[in-house]
Amino acid sequence: MSFSNSGDVKILVVEDDTFMQGVLKGYLSRSYDVAICENGLDALSFVQSGNIPDLIVSDLNTPGLTGLDLIKQLKAGNLYNTIPILVLSGEENSEMRINCLDAGADDYMTKPFNPRELESRVKVILRRNAK
């Protein structure tokens with residue numbers, strides 16, 4: 001798996017629920033080149049193999065390597081620590097939001113979500129990162 005068009009803004013979605021994968025891909029692929037990984041381990045491997053996204057949208061509760069662990073792994077080194085990450089999770093716990101933001105996430109949204117709000121937040125993060 002890789003991104004399809006090198007010229008487009010690339011978004012990596014990390015989500016294990018197939019319904020949610022379809023929703024996110026269907027909505028985001030209208031404006032962006034979207035790739036999907038089912039868990040943090042696959043996402044880390046995907047990025048390390050040269051598929052560098054402009055933004056990662058990640059669920060927290062994925063098997064193998066959680067979204068929070070993925071954030072920590074990516075932000076720990078110098079190679080991938082500038083990739084912005086938006087957490088999209090069913091976890092409404094304030095402490096978890098703080099943990100994710102402290103670990104390096106750029107934003108946090110809870111499910112269920114308004115797709116237009118997600119699109120607005122994606123645009124803000126990309127604008128902040130000049131993409």
# chains A, B, ... in the order shown; residues from 1 in each chain; ligands from 1
call {"tool": "residues_around", "arguments": {"residues": "A:Ile56", "least_positions_apart": "4", "cutoff": "7 Å", "atoms": "only C-alpha atoms", "output": "ChimeraX atom specification"}}
result
/A:11-13,84-86
call {"tool": "write_last_selection", "arguments": {"atoms": "C-alpha atoms", "output": "PDB file, in the first residue's frame"}}
result
ATOM      1  CA  ILE A  11      -3.280  11.800   4.816  1.00  0.00           C
ATOM      2  CA  LEU A  12      -2.653   8.522   6.599  1.00  0.00           C
ATOM      3  CA  VAL A  13      -5.683   7.202   8.469  1.00  0.00           C
ATOM      4  CA  PRO A  84       1.136  16.437  12.420  1.00  0.00           C
ATOM      5  CA  ILE A  85      -1.271  14.049  14.125  1.00  0.00           C
ATOM      6  CA  LEU A  86      -4.988  14.461  14.694  1.00  0.00           C
TER       7      LEU A  86
END
call {"tool": "residues_around", "arguments": {"residues": "A:Arg121", "least_positions_apart": "3", "cutoff": "12 Å", "atoms": "only C-alpha atoms", "output": "PyMOL selection string"}}
result
chain A and resi 28+55+57+84-88+106-109+113-118+124-128
call {"tool": "residues_around", "arguments": {"residues": "A:Asn51", "least_positions_apart": "2", "cutoff": "10 Å", "atoms": "only C-alpha atoms", "output": "PyMOL selection string"}}
result
chain A and resi 1-3+6+10+12+35+43-49+53-54
call {"tool": "closest_residue", "arguments": {"among": "A:Ser120, A:Asn81, A:Ser94, A:Ser4", "to": "A:Asp33", "atoms": "only C-alpha atoms"}}
result
A:Ser4
call {"tool": "residues_around", "arguments": {"residues": "A:Met96", "least_positions_apart": "2", "cutoff": "12 Å", "atoms": "only C-alpha atoms", "output": "ChimeraX atom specification"}}
result
/A:60-61,67-68,87-94,98-103,105,108-110
call {"tool": "write_last_selection", "arguments": {"atoms": "C-alpha atoms", "output": "PDB file, in the first residue's frame"}}
result
ATOM      1  CA  LEU A  60      -6.468   5.544  19.859  1.00  0.00           C
ATOM      2  CA  ASN A  61      -7.744   2.020  20.364  1.00  0.00           C
ATOM      3  CA  GLY A  67      -2.654   5.511  18.755  1.00  0.00           C
ATOM      4  CA  LEU A  68      -0.981   7.013  21.828  1.00  0.00           C
ATOM      5  CA  VAL A  87      -6.463  11.940  17.136  1.00  0.00           C
ATOM      6  CA  LEU A  88      -9.997  10.798  16.348  1.00  0.00           C
ATOM      7  CA  SER A  89     -11.287   8.623  19.157  1.00  0.00           C
ATOM      8  CA  GLY A  90     -14.316   7.468  21.075  1.00  0.00           C
ATOM      9  CA  GLU A  91     -12.348   8.216  24.282  1.00  0.00           C
ATOM     10  CA  GLU A  92     -13.900  11.318  25.822  1.00  0.00           C
ATOM     11  CA  ASN A  93     -11.690  11.198  28.903  1.00  0.00           C
ATOM     12  CA  SER A  94     -10.023  14.573  29.516  1.00  0.00           C
ATOM     13  CA  ILE A  98      -4.105  15.712  27.756  1.00  0.00           C
ATOM     14  CA  ASN A  99      -1.862  12.642  27.418  1.00  0.00           C
ATOM     15  CA  CYS A 100      -2.189  12.687  23.630  1.00  0.00           C
ATOM     16  CA  LEU A 101      -1.562  16.413  23.322  1.00  0.00           C
ATOM     17  CA  ASP A 102       1.389  16.213  25.708  1.00  0.00           C
ATOM     18  CA  ALA A 103       2.806  13.305  23.667  1.00  0.00           C
ATOM     19  CA  ALA A 105      -0.720  15.219  18.949  1.00  0.00           C
ATOM     20  CA  TYR A 108      -8.053  15.650  19.362  1.00  0.00           C
ATOM     21  CA  MET A 109     -11.629  14.979  18.249  1.00  0.00           C
ATOM     22  CA  THR A 110     -14.145  12.545  19.687  1.00  0.00           C
TER      23      THR A 110
END
call {"tool": "residues_around", "arguments": {"residues": "stretch 37-39 of chain A", "least_positions_apart": "2", "cutoff": "7 Å", "atoms": "only C-alpha atoms", "output": "list of chain:residue names"}}
result
A:Val13, A:Val14, A:Glu15, A:Asp16, A:Ala35, A:Leu41, A:Asp42, A:Ala43, A:Thr62, A:Pro63, A:Gly64, A:Leu65
call {"tool": "write_last_selection", "arguments": {"atoms": "C-alpha atoms", "output": "mmCIF file, in the first residue's frame"}}
result
data_model
loop_
_atom_site.group_PDB
_atom_site.id
_atom_site.type_symbol
_atom_site.label_atom_id
_atom_site.label_comp_id
_atom_site.auth_asym_id
_atom_site.auth_seq_id
_atom_site.Cartn_x
_atom_site.Cartn_y
_atom_site.Cartn_z
ATOM 1 C CA VAL A 13 -5.683 7.202 8.469
ATOM 2 C CA VAL A 14 -5.003 4.733 11.292
ATOM 3 C CA GLU A 15 -8.291 3.016 12.081
ATOM 4 C CA ASP A 16 -9.195 -0.629 12.759
ATOM 5 C CA ALA A 35 -4.031 5.713 2.724
ATOM 6 C CA LEU A 41 2.353 -1.050 13.893
ATOM 7 C CA ASP A 42 1.251 -1.028 10.258
ATOM 8 C CA ALA A 43 1.253 2.775 10.263
ATOM 9 C CA THR A 62 -6.032 0.029 17.630
ATOM 10 C CA PRO A 63 -4.571 -3.452 18.106
ATOM 11 C CA GLY A 64 -0.835 -4.031 18.347
ATOM 12 C CA LEU A 65 0.323 -0.463 18.823
#
call {"tool": "select_by_dssp", "arguments": {"residues": "chain A", "states": "strand (DSSP E or B)", "output": "ChimeraX atom specification"}}
result
/A:10-14,33-37,55-58,85-89,107-110
call {"tool": "atom_distance", "arguments": {"atom1": "atom CA of A:Gly50", "atom2": "atom CA of A:Leu79"}}
result
10.8 Å
call {"tool": "select_by_dssp", "arguments": {"residues": "stretch 18-112 of chain A", "states": "helix (DSSP H, G or I)", "output": "PyMOL selection string"}}
result
chain A and resi 18-28+40-48+67-76+94-103
call {"tool": "closest_residue", "arguments": {"among": "A:Ile71, A:Ile83, A:Ile36, A:Leu24", "to": "A:Ala130", "atoms": "only C-alpha atoms"}}
result
A:Ile83
